Amino acid sequence: MANTEYKVPRGTLTRTRQLIETVIAKLQETGRYEDVDRAMLELLTSSYDKMLRADDTLRKEGMTIIGARGTRQEHPAFKIWKSAQAAAFQILREMGVTVVRREQMPALKSSDEEDDPLKALMRK
């Protein structure tokens, strides 16, 4: 299958679009971007966008609301934010673009055989 770059859907927040473009660039830079990553990018786009929208709502309306019985309760957007934030972080981790994962996953080498221990071993 041809390598087709993921397109961020219309209506997505600019901050989400910027993150996705950065993730794609990092994956391409390290030689890890493949067509199968499209599904993960779609999930990341959705989760991150929901998180940012919920965060915007919480900043405007506060962390609590007055419920039907007149008592203060957690704003419903907080649950959306929490769930979307956890999902986005998990996807970023799985894709190897968090700080810790980048340190654990060395970048793929170019075609320079001198730097490839497996190819060097096979030549012997």
# chains A, B, ... in the order shown; residues from 1 in each chain; ligands from 1
>>> residues_around(residues="stretch 79-86 of chain A", least_positions_apart="4", cutoff="9 Å", atoms="only C-alpha atoms", output="list in words")
Ser46, Ser47, Tyr48, Asp49, Lys50, Met51, Leu52, Arg53, Ala54, Asp55, Leu58, Glu74, His75, Gln90 and Ile91 of chain A
>>> residues_around(residues="stretch 5-15 of chain A", least_positions_apart="6", cutoff="8 Å", atoms="only C-alpha atoms", output="PyMOL selection string")
chain A and resi 35+38+41-42+45+49
>>> write_last_selection(atoms="C-alpha atoms", output="compact mmCIF listing (two decimals), in the first residue's frame")
# COMPACT_ATOMS: atom_id res chain seq x y z
CA ASP A 35 0.07 3.50 6.73
CA ARG A 38 -3.44 6.15 10.44
CA LEU A 41 -3.48 9.06 14.48
CA GLU A 42 -7.27 9.19 14.10
CA THR A 45 -6.72 13.38 16.96
CA ASP A 49 -9.22 17.39 20.52
>>> residues_around(residues="A:Thr22", least_positions_apart="4", cutoff="12 Å", atoms="only C-alpha atoms", output="NGL selection string")
:A and (15-18 or 26-29 or 41 or 92 or 97-98)
